[in-house]
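Below is one structure, written out as structure tokens; comments come after it.
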Amino acid sequence: MKTREIRQEYLTGERALFQGADLKIYDSIFADGESPLKESHDIELENCMFKWKYPFWYAKNITARNCTWFEMARAGVWYTDHITVEDAVIEAPKNFRRCRGVNLKNVNLPNAAETLWNCEDVELDHVTAKGDYFAMNSRNMVLRGFQLVGNYSFDGVKNMEIHNAHMLSKDAFWNTENVTVYDSFISGEYLGWNAKNLTLINCTIESLQGMCYIDNLVMKNCKLINTTLAFEYSTVDAEITGKIDSVMNPSGGVIRADRIDELIIEKDKVDPEKTRIICRRELKGGGMSLLLKGILIGLLFGVPVGAVGAMTVQRTWEHGIKAGLLTGMGSSVADCIYAGIGAFGLTIVSDFLLEHQMVIHLVGGAIVLYLGIRLFFRKREEAEVPEVSGGWRMFLTSFAVGITNPAAILTFLFAFSWFGIAGGSTKGNGWLVVLGVFLGTYLWWGGLTAAVSLARKKKRKNSFQRVNRIFGAVLSLFGVLVFIKALPI
């Protein structure tokens with residue numbers, strides 16, 4: 001059929017060009033009158049204006065360049081296949097419903113509320129849109145250079161790629177499936193809830209409680225700004241540049257970041273073993289920072305009091321500084337084991353120890369009571385033995401006393417949280433923290449033994465038995481107190 005041209009026409013009335021075919025329309029206005037091009041096909045338009053409702057319904061093979069849809073041209077393109085719009089302004093809302101093969105290039109949609117619903121095979125190239133509920137339940141979409149201001153966007157979309165987008169959108173990507181976003185900025189709370197196979201690559205995200213309830217969330221080289229309570233009940237493979245403000249109850253996977261300021265894991269809601277947390281350091285010397293934090297934790301929580309403190313003082317007094325250092329080392333190693341359980345997130349081990357801590361406490365109390373009674377009744381000639389006699393025995397007894405306090409795990413978990421050290425650290429970072437804890441606690445034992453050793457130089461020979469009885473009584477008292485604390489009275 002021969003193509004007919006229409007130029008500079010002012011078209012009014014309902015269905016002005018109903019079932020039009022093979023038309024080229026230039027510089028024309030479709031004024032008052034609904035459905036001017038209903039059921040049309042093979043239409044080209046240039047520099048045209050649409051001022052009334054429903055211009056393209058049930059149409060096919062439409063190309064429009066440099067055209068304008070005014071506000072009253074609402075619901076302008078429905079049930080239409082293969083439409084291309086370039087260099088246009090579409091002010092009318094509720095455009096593009098149940099269409100297939102939609103191609104928009106350099107299009108501005110200042111009133112895009114409820115636009116692009118239930119469409120298929122859509123390409124948007126440098127499209128700007130403003131309005132809520134954009135692109136609901138559409139499929140097979142590719143967007144490049146896209147800008148959006150509007151909430152609840154892309155709800156229920158399947159099979160979509162977005163490149164170089166800038167989106168201000170609350171509740172974006174809800175209930176989506178197979179969506180990948182590249183090199184984009186997205187700001188809006190509750191991003192991506194209930195999605196499946198959502199991938200974000202080289203993106204910057206700002207979202208309160210974002211990326212939750214997602215099945216298979218992948219994030220590569222992304223940045224999270226002011227993003228809190230992220231990843232709740234999501235399976236995650238996330239590589240984050242910089243820090244994460246807070247993470248809450250991920251269902252499983254791996255989360256990598258320079259640091260996580262707050263990690264919330266509720267064991268009655270998720271299994272911590274299913275998620276691996278890896279915290280890198282964003283600055284050179286980050287390893288030194290972890291080491292220093294470990295030393296501070298050791299200094300704050302490794303004060304030499306209790307049964308091991310009494311044992312260290314007594315042994316230093318009786319046998320010298322080496323005996324005291326060996327005794328203190330046993331306690332520091334026990335602290336390091338519990339610190340390691342906390343640092344590496346070994347929840348199976350910690351749960352077992354805490355569940356059976358009463359029995360473990362009773363064993364520790366028995367050891368302390370035995371050592372106290374034995375020391376109290378030790379004879380003078382038994383005390384006069386070479387310095388550091390039975391060094392392994394000194395180490396192992398203090399280690400046994402220290403290791404029978406599983407509640408120390410909770411102390412270290414609290415300390416790690418306070419210093420911003422996440423559980424489930426990498427091997428390198430975890431060992432740095434543990435080494436720091438050892439050095440911090442051992443500084444206390446070194447200082448204590450040095451002080452006692454100085455006082456020992458001024459001792460009288462007949463003071464050994466008196467000191468043994470004093471510390472024997474103290475250790476026995478500690479043993480009894482451990483029994484009382486452990487038993488369910």
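Ligands are numbered from 1 in the order shown, chains are lettered A, B, ... in the order of the structure tokens, and residues start at 1 in each chain.
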
- Query: Excluding same-chain residues fewer than 4 positions from segment 26-40 of chain A, what lies within 6 Å of it counting only C-alpha atoms, as a ChimeraX atom specification?
  - Reply: /A:7-21,45-59

- Task: Tell me, as a ChimeraX atom specification, which residues lie within 6 Å of segment 237-242 of chain A, counting only C-alpha atoms; anything in the same chain fewer than 6 positions away does not count.
- Result: /A:218-223,253-258

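Distances from A:Ile341, A:Ile90, A:Ile264, A:Met311 to Pro110 of chain A were compared using only C-alpha atoms, and the smallest one belongs to A:Ile90.
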
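The two atoms in question, atom CA of Glu161 of chain A and atom CA of Asp87 of chain A, are spaced 22.0 Å apart.
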
- Note on the structure: Expressed in Å, the length from atom CA of Asn151 of chain A to atom CA of Gly192 of chain A is 12.1 Å

- Message: I'd like the neighbourhood of Ser234 of chain A as number ranges by chain, where a residue qualifies if any of its atoms comes within 9 Å (using only C-alpha atoms), though same-chain residues fewer than 5 positions away should be ignored.
- Response: A: 194, 211-217, 249-253

- For Ser138 of chain A, please output as a ChimeraX atom specification all residues within 10 Å (counting only C-alpha atoms; exclusion window: fewer than 2 positions along the same chain). /A:97-100,116-122,134-136,140-141,154-160,176

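The shortest atom-to-atom distance to Asn197 of chain A, with only C-alpha atoms taken into account, belongs to A:Val181 out of A:Val181, A:Leu432, A:Ala339, A:Val437.
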
- Query: What residues in segment 130-246 of chain A get the DSSP label strand (DSSP E or B)? Please answer as an MDAnalysis selection string.
  - Reply: chainID A and resid 130 139:144 147:149 158:163 166:168 177:182 185:187 196:201 204:206 215:224 230 235:240 243:246
